[in-house]
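Here's coords_7.txt, which has compact mmCIF, C-alpha atoms:
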```
# COMPACT_ATOMS: atom_id res chain seq x y z
CA ALA J 836 0.00 0.00 0.00
CA THR J 837 1.11 3.56 -0.62
CA SER J 838 1.18 6.32 1.99
CA GLY J 839 -1.87 7.83 0.28
CA ALA J 840 -3.79 4.61 0.85
CA LEU J 841 -2.60 4.60 4.45
CA ILE J 842 -3.95 8.11 4.99
CA ASP J 843 -7.27 7.17 3.38
CA ALA J 844 -7.56 4.12 5.64
CA ALA J 845 -6.76 6.21 8.70
CA LYS J 846 -9.33 8.86 7.81
CA ALA J 847 -11.99 6.20 7.28
CA ALA J 848 -11.17 4.63 10.64
CA LEU J 849 -11.63 7.97 12.40
CA THR J 850 -14.99 8.81 10.84
CA GLY J 851 -17.37 10.15 13.47
CA ILE J 852 -14.68 10.96 16.05
CA ASP J 853 -14.77 14.68 16.80
CA ALA J 854 -11.30 15.19 18.28
CA PRO J 855 -9.20 12.20 17.20
CA SER J 856 -5.88 11.34 18.77
CA ILE J 857 -3.17 9.71 16.65
CA LEU J 858 0.07 7.93 17.45
CA ASP J 859 2.52 7.57 14.55
CA LEU J 860 5.19 4.91 15.11
CA GLY J 861 8.46 5.38 13.26
CA THR J 862 7.39 8.89 12.39
CA GLY J 863 10.56 9.79 10.47
CA SER J 864 10.11 13.32 9.11
CA GLY J 865 6.54 13.42 10.42
CA ALA J 866 5.10 13.47 6.89
CA LEU J 867 2.40 10.89 7.57
CA LEU J 868 1.36 12.31 10.94
CA LEU J 869 1.28 15.90 9.72
CA ALA J 870 -0.65 15.01 6.58
CA LEU J 871 -3.28 13.36 8.76
CA LEU J 872 -3.49 16.33 11.11
CA VAL J 873 -4.01 18.66 8.15
CA GLU J 874 -6.68 16.39 6.65
CA LEU J 875 -8.53 15.88 9.94
CA GLY J 876 -8.63 19.55 10.91
CA PRO J 877 -7.79 21.62 13.98
CA SER J 878 -9.44 19.33 16.55
CA ALA J 879 -7.05 16.46 15.81
CA ARG J 880 -3.84 15.96 17.75
CA GLY J 881 -1.01 13.49 17.36
CA ASP J 882 2.23 12.16 18.76
CA GLY J 883 5.16 10.74 16.83
CA VAL J 884 7.67 8.17 18.06
CA ASP J 885 11.01 7.45 16.43
CA ILE J 886 14.21 5.82 17.61
CA ASP J 887 16.30 8.40 15.73
CA GLU J 888 16.92 11.71 17.51
CA GLU J 889 17.40 13.56 14.22
CA ALA J 890 14.03 12.30 13.00
CA VAL J 891 12.37 13.58 16.16
CA ARG J 892 13.94 17.03 15.68
CA THR J 893 12.90 17.07 12.04
CA THR J 894 9.31 16.21 12.90
CA LYS J 895 9.18 19.09 15.39
CA GLU J 896 10.53 21.51 12.78
CA ASN J 897 8.18 20.26 10.09
CA ALA J 898 5.20 20.50 12.42
CA VAL J 899 5.83 24.20 12.90
CA GLN J 900 6.17 24.73 9.14
CA VAL J 901 3.07 22.73 8.24
CA LEU J 902 0.73 23.57 11.12
CA GLY J 903 2.09 26.85 12.42
CA SER J 904 3.82 27.24 15.76
CA LYS J 905 0.66 27.62 17.85
CA ARG J 906 -1.01 24.42 16.69
CA ALA J 907 2.27 22.51 16.49
CA ASN J 908 3.05 23.29 20.12
CA ALA J 909 -0.46 22.39 21.26
CA ALA J 910 -1.23 19.39 19.08
CA VAL J 911 2.03 17.58 18.35
CA CYS J 912 4.38 15.76 20.70
CA THR J 913 7.46 13.80 19.65
CA VAL J 914 9.19 11.06 21.62
CA CYS J 915 12.58 9.49 20.92
CA ALA J 916 12.10 5.80 21.73
CA ASP J 917 11.92 2.26 20.43
CA PHE J 918 8.33 1.78 19.29
CA MET J 919 8.39 -1.81 20.51
CA GLN J 920 8.95 -0.56 24.07
CA LEU J 921 6.08 1.92 24.31
CA ASP J 922 4.83 0.30 27.51
CA SER J 923 8.10 0.79 29.36
CA GLN J 924 8.21 2.89 32.52
CA VAL J 925 10.30 5.49 30.68
CA VAL J 926 8.27 5.81 27.47
CA ARG J 927 4.62 5.31 28.51
CA PRO J 928 4.44 8.45 30.69
CA GLN J 929 5.52 10.55 27.69
CA LEU J 930 2.50 9.43 25.66
CA ALA J 931 -1.19 10.32 25.96
CA GLU J 932 -2.60 9.10 29.28
CA ALA J 933 -6.02 8.46 27.72
CA GLY J 934 -4.57 6.45 24.82
CA TYR J 935 -5.16 6.91 21.10
CA ASP J 936 -8.04 6.49 18.68
CA LEU J 937 -5.61 5.54 15.94
CA ILE J 938 -2.11 4.07 15.93
CA ILE J 939 -0.49 4.14 12.51
CA CYS J 940 2.82 2.75 11.34
CA ASN J 941 4.87 2.22 8.21
CA PRO J 942 7.52 -0.06 9.72
CA PRO J 943 10.61 -1.70 8.29
CA TYR J 944 9.16 -4.66 6.41
CA ARG J 945 11.88 -6.37 4.40
CA SER J 946 13.35 -9.70 5.40
CA GLU J 947 17.12 -10.12 5.48
CA ALA J 948 16.89 -12.31 2.37
CA GLN J 949 14.83 -9.68 0.52
CA GLN J 950 17.38 -7.01 1.33
CA ALA J 951 20.23 -9.22 0.20
CA ALA J 952 18.43 -9.73 -3.12
CA TYR J 953 17.92 -5.97 -3.51
CA ASP J 954 21.58 -5.38 -2.76
CA ARG J 955 22.70 -7.91 -5.36
CA ALA J 956 20.33 -6.55 -8.01
CA THR J 957 20.58 -2.80 -7.59
CA GLY J 958 23.25 -1.92 -5.06
CA GLN J 959 23.22 -1.50 -1.32
CA PHE J 960 19.75 -0.79 0.13
CA GLY J 961 18.17 -1.12 -3.30
CA GLY J 962 20.15 1.81 -4.67
CA HIS J 963 18.97 4.20 -1.94
CA THR J 964 20.91 5.80 0.90
CA GLU J 965 18.54 4.74 3.68
CA HIS J 966 20.03 2.90 6.64
CA SER J 967 19.12 -0.78 6.80
CA ARG J 968 17.25 -0.32 10.06
CA THR J 969 14.62 1.75 8.21
CA LEU J 970 14.11 -1.07 5.73
CA VAL J 971 14.96 -4.46 7.25
CA ALA J 972 12.79 -5.93 10.00
CA GLY J 973 14.69 -9.16 10.49
CA LYS J 974 14.79 -12.74 9.29
CA THR J 975 11.11 -12.97 8.28
CA GLY J 976 10.24 -9.31 7.65
CA LEU J 977 7.39 -9.58 10.17
CA GLU J 978 9.37 -8.76 13.29
CA MET J 979 8.30 -5.12 13.60
CA TYR J 980 4.61 -5.94 13.17
CA GLU J 981 4.94 -8.67 15.79
CA GLY J 982 6.90 -6.47 18.18
CA ILE J 983 4.34 -3.66 18.06
CA ALA J 984 1.44 -6.08 18.51
CA ASP J 985 3.15 -7.71 21.48
CA CYS J 986 3.86 -4.31 23.03
CA LEU J 987 0.26 -3.14 22.66
CA SER J 988 -0.96 -6.43 24.11
CA ARG J 989 1.29 -6.08 27.17
CA ASP J 990 0.13 -2.52 27.63
CA PHE J 991 -3.53 -3.53 27.40
CA VAL J 992 -3.11 -6.28 29.99
CA GLU J 993 -1.36 -3.90 32.38
CA ALA J 994 -4.03 -1.22 31.93
CA GLU J 995 -6.74 -3.80 32.67
CA ARG J 996 -4.86 -4.97 35.75
CA ARG J 997 -4.62 -1.41 37.09
CA ALA J 998 -8.30 -0.78 36.46
CA ALA J 999 -9.36 -4.03 38.14
CA SER J 1000 -7.28 -3.28 41.22
CA GLY J 1001 -8.45 0.33 41.46
CA HIS J 1002 -4.96 1.75 40.90
CA GLU J 1003 -4.43 4.98 39.02
CA GLY J 1004 -2.45 5.06 35.81
CA PRO J 1005 -2.69 5.52 32.07
CA GLN J 1006 -5.32 3.77 30.01
CA SER J 1007 -4.31 1.38 27.23
CA LEU J 1008 -2.33 2.99 24.42
CA LEU J 1009 -4.83 1.78 21.85
CA LYS J 1010 -8.29 2.67 23.08
CA PRO J 1011 -10.78 -0.23 23.30
CA ALA J 1012 -12.48 0.97 20.11
CA GLY J 1013 -9.23 2.19 18.58
CA ILE J 1014 -7.75 1.15 15.25
CA LEU J 1015 -4.22 0.01 14.40
CA VAL J 1016 -3.25 0.68 10.77
CA PHE J 1017 -0.10 -0.77 9.22
CA GLN J 1018 1.41 -0.17 5.82
CA VAL J 1019 2.39 -3.45 4.16
CA GLU J 1020 4.08 -4.50 0.93
CA ALA J 1021 2.02 -4.91 -2.20
CA GLY J 1022 3.49 -8.39 -2.64
CA ARG J 1023 6.50 -10.65 -2.30
CA GLY J 1024 8.56 -12.93 -4.47
CA GLY J 1025 7.40 -11.26 -7.66
CA ARG J 1026 3.72 -11.85 -6.82
CA THR J 1027 1.18 -9.24 -5.71
CA GLY J 1028 -1.15 -9.70 -2.76
CA GLY J 1029 -1.10 -11.99 0.23
CA VAL J 1030 1.15 -9.92 2.48
CA ALA J 1031 -1.71 -8.33 4.43
CA ASP J 1032 -2.90 -11.81 5.42
CA LEU J 1033 0.59 -12.75 6.60
CA VAL J 1034 0.83 -9.56 8.66
CA GLY J 1035 -2.67 -10.04 10.06
CA ASP J 1036 -1.87 -13.58 11.19
CA ALA J 1037 1.41 -12.41 12.75
CA VAL J 1038 -0.34 -9.59 14.63
CA THR J 1039 -3.04 -11.94 15.93
CA ARG J 1040 -0.45 -14.42 17.19
CA ALA J 1041 1.84 -11.82 18.73
CA SER J 1042 -1.02 -10.10 20.57
CA ALA J 1043 -2.44 -13.42 21.79
CA GLY J 1044 -5.68 -12.55 20.04
CA LYS J 1045 -6.13 -9.21 21.80
CA LEU J 1046 -5.88 -7.32 18.51
CA VAL J 1047 -8.71 -8.26 16.17
CA VAL J 1048 -7.70 -8.20 12.50
```

I'd like the structure from this file rewritten - as structure tokens, please.
Amino acid sequence: ATSGALIDAAKAALTGIDAPSILDLGTGSGALLLALLVELGPSARGDGVDIDEEAVRTTKENAVQVLGSKRANAAVCTVCADFMQLDSQVVRPQLAEAGYDLIICNPPYRSEAQQAAYDRATGQFGGHTEHSRTLVAGKTGLEMYEGIADCLSRDFVEAERRAASGHEGPQSLLKPAGILVFQVEAGRGGRTGGVADLVGDAVTRASAGKLVV
């Protein structure tokens, strides 16, 4: 899927929500998050997470340019962190206490074998200058999807435990009626289609069924 399709899917998921909250994982330059905030209007707010400090700084700068300083300061927060450790004691307090209506992510999706094939065919990183960590997920190419699903599942269980025991604390990162939207490849091995099913199965397994695909 393209980023345009990702934005369309996100907008459709947020239909009927007056003041939507968005979490963009692996935000990079903030392009996806900021495009959504522009499309959704002034009531929307969003946070971006990236493991790269330069990316976090760039997102902040771009937010001011795209949204203006007033809205950028009020509606956009950036966090430098591993998006598979969102539930950690260091990261979770930096994110929205009430959770998010939408979590969106265009993660690294290539397998190590896919990247090796790209390198052989067209040069390192498929002829681009991107670092491998922005492209390669691991041995299967599903590791980032699985890691995020596992993280959100852990966070949900902990939020439920706090609520059941009457303890104060943040609600689950993905609200009970919230939507998780991933970008996936159009196909693999020279064939189109099928990847969304692979990702869906991986997410279901990694979340122990807590995320419904």

What residues have an atom no more than 12 Å from (10.0, 2.4, 22.5) in the file's own frame, counting all atoms listed in the file, and can you write them as a compact mmCIF listing (two decimals) with C-alpha atoms, keeping the file's coordinate frame?
```txt
# COMPACT_ATOMS: atom_id res chain seq x y z
CA LEU J 860 5.19 4.91 15.11
CA GLY J 861 8.46 5.38 13.26
CA GLY J 883 5.16 10.74 16.83
CA VAL J 884 7.67 8.17 18.06
CA ASP J 885 11.01 7.45 16.43
CA ILE J 886 14.21 5.82 17.61
CA ASP J 887 16.30 8.40 15.73
CA VAL J 914 9.19 11.06 21.62
CA CYS J 915 12.58 9.49 20.92
CA ALA J 916 12.10 5.80 21.73
CA ASP J 917 11.92 2.26 20.43
CA PHE J 918 8.33 1.78 19.29
CA MET J 919 8.39 -1.81 20.51
CA GLN J 920 8.95 -0.56 24.07
CA LEU J 921 6.08 1.92 24.31
CA ASP J 922 4.83 0.30 27.51
CA SER J 923 8.10 0.79 29.36
CA GLN J 924 8.21 2.89 32.52
CA VAL J 925 10.30 5.49 30.68
CA VAL J 926 8.27 5.81 27.47
CA ARG J 927 4.62 5.31 28.51
CA PRO J 928 4.44 8.45 30.69
CA GLN J 929 5.52 10.55 27.69
CA LEU J 930 2.50 9.43 25.66
CA MET J 979 8.30 -5.12 13.60
CA GLY J 982 6.90 -6.47 18.18
CA ILE J 983 4.34 -3.66 18.06
CA CYS J 986 3.86 -4.31 23.03
CA LEU J 987 0.26 -3.14 22.66
```

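Distances from J:Pro1005, J:Glu1020, J:Cys912, J:Asp990 to J:Arg945 were compared using all atoms listed in the file, and the smallest one belongs to J:Glu1020.
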
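With only C-alpha atoms as the basis for measurement, J:Val901 is the residue among J:Asp1036, J:Val901, J:Asp853, J:Gly934 that approaches J:Leu868 most closely.
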
Report task. Using only C-alpha atoms, determine which residues lie at most 10 Å from J:Ser856, disregarding the query and same-chain residues fewer than 4 positions distant; provide the list as number ranges by chain. Result -> J: 849, 852, 872, 878-882, 910, 931, 933-938, 1010, 1013

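You can rank J:Ala870, J:Ala847, J:Ala984, J:Leu977 by their closest distance to J:Ala1043 using all atoms listed in the file, and at the top of that list sits J:Ala984.
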
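Comparing J:Leu970, J:Ala890, J:Ile857, J:Ala866 by their smallest distance to J:Ile939, the closest is J:Ile857 (using all atoms listed in the file).
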
Query raised in the report: What is the distance between atom CA of J:Pro943 and atom CA of J:Val992, in Å to one decimal?
Result: 26.1 Å

Report task. Enter the distance from atom CA of J:Gly973 to atom CA of J:Ser838, in Å, rounded to one decimal. Result -> 22.2 Å

Query - Residue nearest J:Glu932 - candidates J:Ser1007, J:Tyr980, J:Thr1039, J:Glu874, atoms counted: all atoms listed in the file - result: J:Ser1007

Query - Computed interatomic separation between atom CA of J:Val971 and atom CA of J:Gln950 (Å) - result: 6.9 Å

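Proximity ranking of J:Gly876, J:Ile1014, J:Gly865, J:Gly976 relative to J:Ala898 places J:Gly865 first, based on only C-alpha atoms.
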
Please write N, CA, C and O atoms of stretch 992-1006 of chain J, from the structure given just now, as a PDB file, in the first residue's frame.
```pdb
ATOM      1  N   VAL J 992      -2.986  -5.424  28.803  1.00  0.00           N
ATOM      2  CA  VAL J 992      -3.107  -6.283  29.994  1.00  0.00           C
ATOM      3  C   VAL J 992      -2.779  -5.497  31.259  1.00  0.00           C
ATOM      4  O   VAL J 992      -3.468  -5.609  32.278  1.00  0.00           O
ATOM      5  N   GLU J 993      -1.747  -4.683  31.200  1.00  0.00           N
ATOM      6  CA  GLU J 993      -1.359  -3.901  32.379  1.00  0.00           C
ATOM      7  C   GLU J 993      -2.411  -2.846  32.707  1.00  0.00           C
ATOM      8  O   GLU J 993      -2.716  -2.619  33.885  1.00  0.00           O
ATOM      9  N   ALA J 994      -2.983  -2.209  31.695  1.00  0.00           N
ATOM     10  CA  ALA J 994      -4.032  -1.216  31.933  1.00  0.00           C
ATOM     11  C   ALA J 994      -5.260  -1.875  32.559  1.00  0.00           C
ATOM     12  O   ALA J 994      -5.880  -1.313  33.475  1.00  0.00           O
ATOM     13  N   GLU J 995      -5.612  -3.057  32.085  1.00  0.00           N
ATOM     14  CA  GLU J 995      -6.741  -3.796  32.671  1.00  0.00           C
ATOM     15  C   GLU J 995      -6.453  -4.179  34.118  1.00  0.00           C
ATOM     16  O   GLU J 995      -7.330  -4.121  34.979  1.00  0.00           O
ATOM     17  N   ARG J 996      -5.228  -4.594  34.386  1.00  0.00           N
ATOM     18  CA  ARG J 996      -4.856  -4.969  35.754  1.00  0.00           C
ATOM     19  C   ARG J 996      -4.984  -3.785  36.703  1.00  0.00           C
ATOM     20  O   ARG J 996      -5.516  -3.919  37.809  1.00  0.00           O
ATOM     21  N   ARG J 997      -4.516  -2.611  36.255  1.00  0.00           N
ATOM     22  CA  ARG J 997      -4.621  -1.411  37.095  1.00  0.00           C
ATOM     23  C   ARG J 997      -6.086  -1.080  37.361  1.00  0.00           C
ATOM     24  O   ARG J 997      -6.461  -0.757  38.494  1.00  0.00           O
ATOM     25  N   ALA J 998      -6.882  -1.120  36.315  1.00  0.00           N
ATOM     26  CA  ALA J 998      -8.302  -0.776  36.462  1.00  0.00           C
ATOM     27  C   ALA J 998      -9.003  -1.740  37.413  1.00  0.00           C
ATOM     28  O   ALA J 998      -9.810  -1.325  38.256  1.00  0.00           O
ATOM     29  N   ALA J 999      -8.704  -3.031  37.298  1.00  0.00           N
ATOM     30  CA  ALA J 999      -9.359  -4.030  38.139  1.00  0.00           C
ATOM     31  C   ALA J 999      -8.973  -3.889  39.608  1.00  0.00           C
ATOM     32  O   ALA J 999      -9.776  -4.178  40.505  1.00  0.00           O
ATOM     33  N   SER J1000      -7.752  -3.425  39.845  1.00  0.00           N
ATOM     34  CA  SER J1000      -7.277  -3.284  41.220  1.00  0.00           C
ATOM     35  C   SER J1000      -7.552  -1.903  41.804  1.00  0.00           C
ATOM     36  O   SER J1000      -7.233  -1.643  42.970  1.00  0.00           O
ATOM     37  N   GLY J1001      -8.127  -1.016  40.986  1.00  0.00           N
ATOM     38  CA  GLY J1001      -8.447   0.325  41.460  1.00  0.00           C
ATOM     39  C   GLY J1001      -7.264   1.261  41.520  1.00  0.00           C
ATOM     40  O   GLY J1001      -7.355   2.337  42.126  1.00  0.00           O
ATOM     41  N   HIS J1002      -6.145   0.901  40.900  1.00  0.00           N
ATOM     42  CA  HIS J1002      -4.958   1.746  40.903  1.00  0.00           C
ATOM     43  C   HIS J1002      -5.024   2.781  39.784  1.00  0.00           C
ATOM     44  O   HIS J1002      -5.546   2.501  38.703  1.00  0.00           O
ATOM     45  N   GLU J1003      -4.468   3.948  40.039  1.00  0.00           N
ATOM     46  CA  GLU J1003      -4.432   4.980  39.022  1.00  0.00           C
ATOM     47  C   GLU J1003      -3.320   4.687  38.020  1.00  0.00           C
ATOM     48  O   GLU J1003      -2.341   4.006  38.325  1.00  0.00           O
ATOM     49  N   GLY J1004      -3.469   5.234  36.837  1.00  0.00           N
ATOM     50  CA  GLY J1004      -2.454   5.059  35.807  1.00  0.00           C
ATOM     51  C   GLY J1004      -3.043   5.268  34.438  1.00  0.00           C
ATOM     52  O   GLY J1004      -4.260   5.424  34.283  1.00  0.00           O
ATOM     53  N   PRO J1005      -2.195   5.278  33.437  1.00  0.00           N
ATOM     54  CA  PRO J1005      -2.689   5.524  32.071  1.00  0.00           C
ATOM     55  C   PRO J1005      -3.589   4.403  31.573  1.00  0.00           C
ATOM     56  O   PRO J1005      -3.475   3.248  31.995  1.00  0.00           O
ATOM     57  N   GLN J1006      -4.491   4.761  30.683  1.00  0.00           N
ATOM     58  CA  GLN J1006      -5.316   3.772  30.006  1.00  0.00           C
ATOM     59  C   GLN J1006      -4.491   3.102  28.905  1.00  0.00           C
ATOM     60  O   GLN J1006      -3.359   3.489  28.641  1.00  0.00           O
TER      61      GLN J1006
END
```
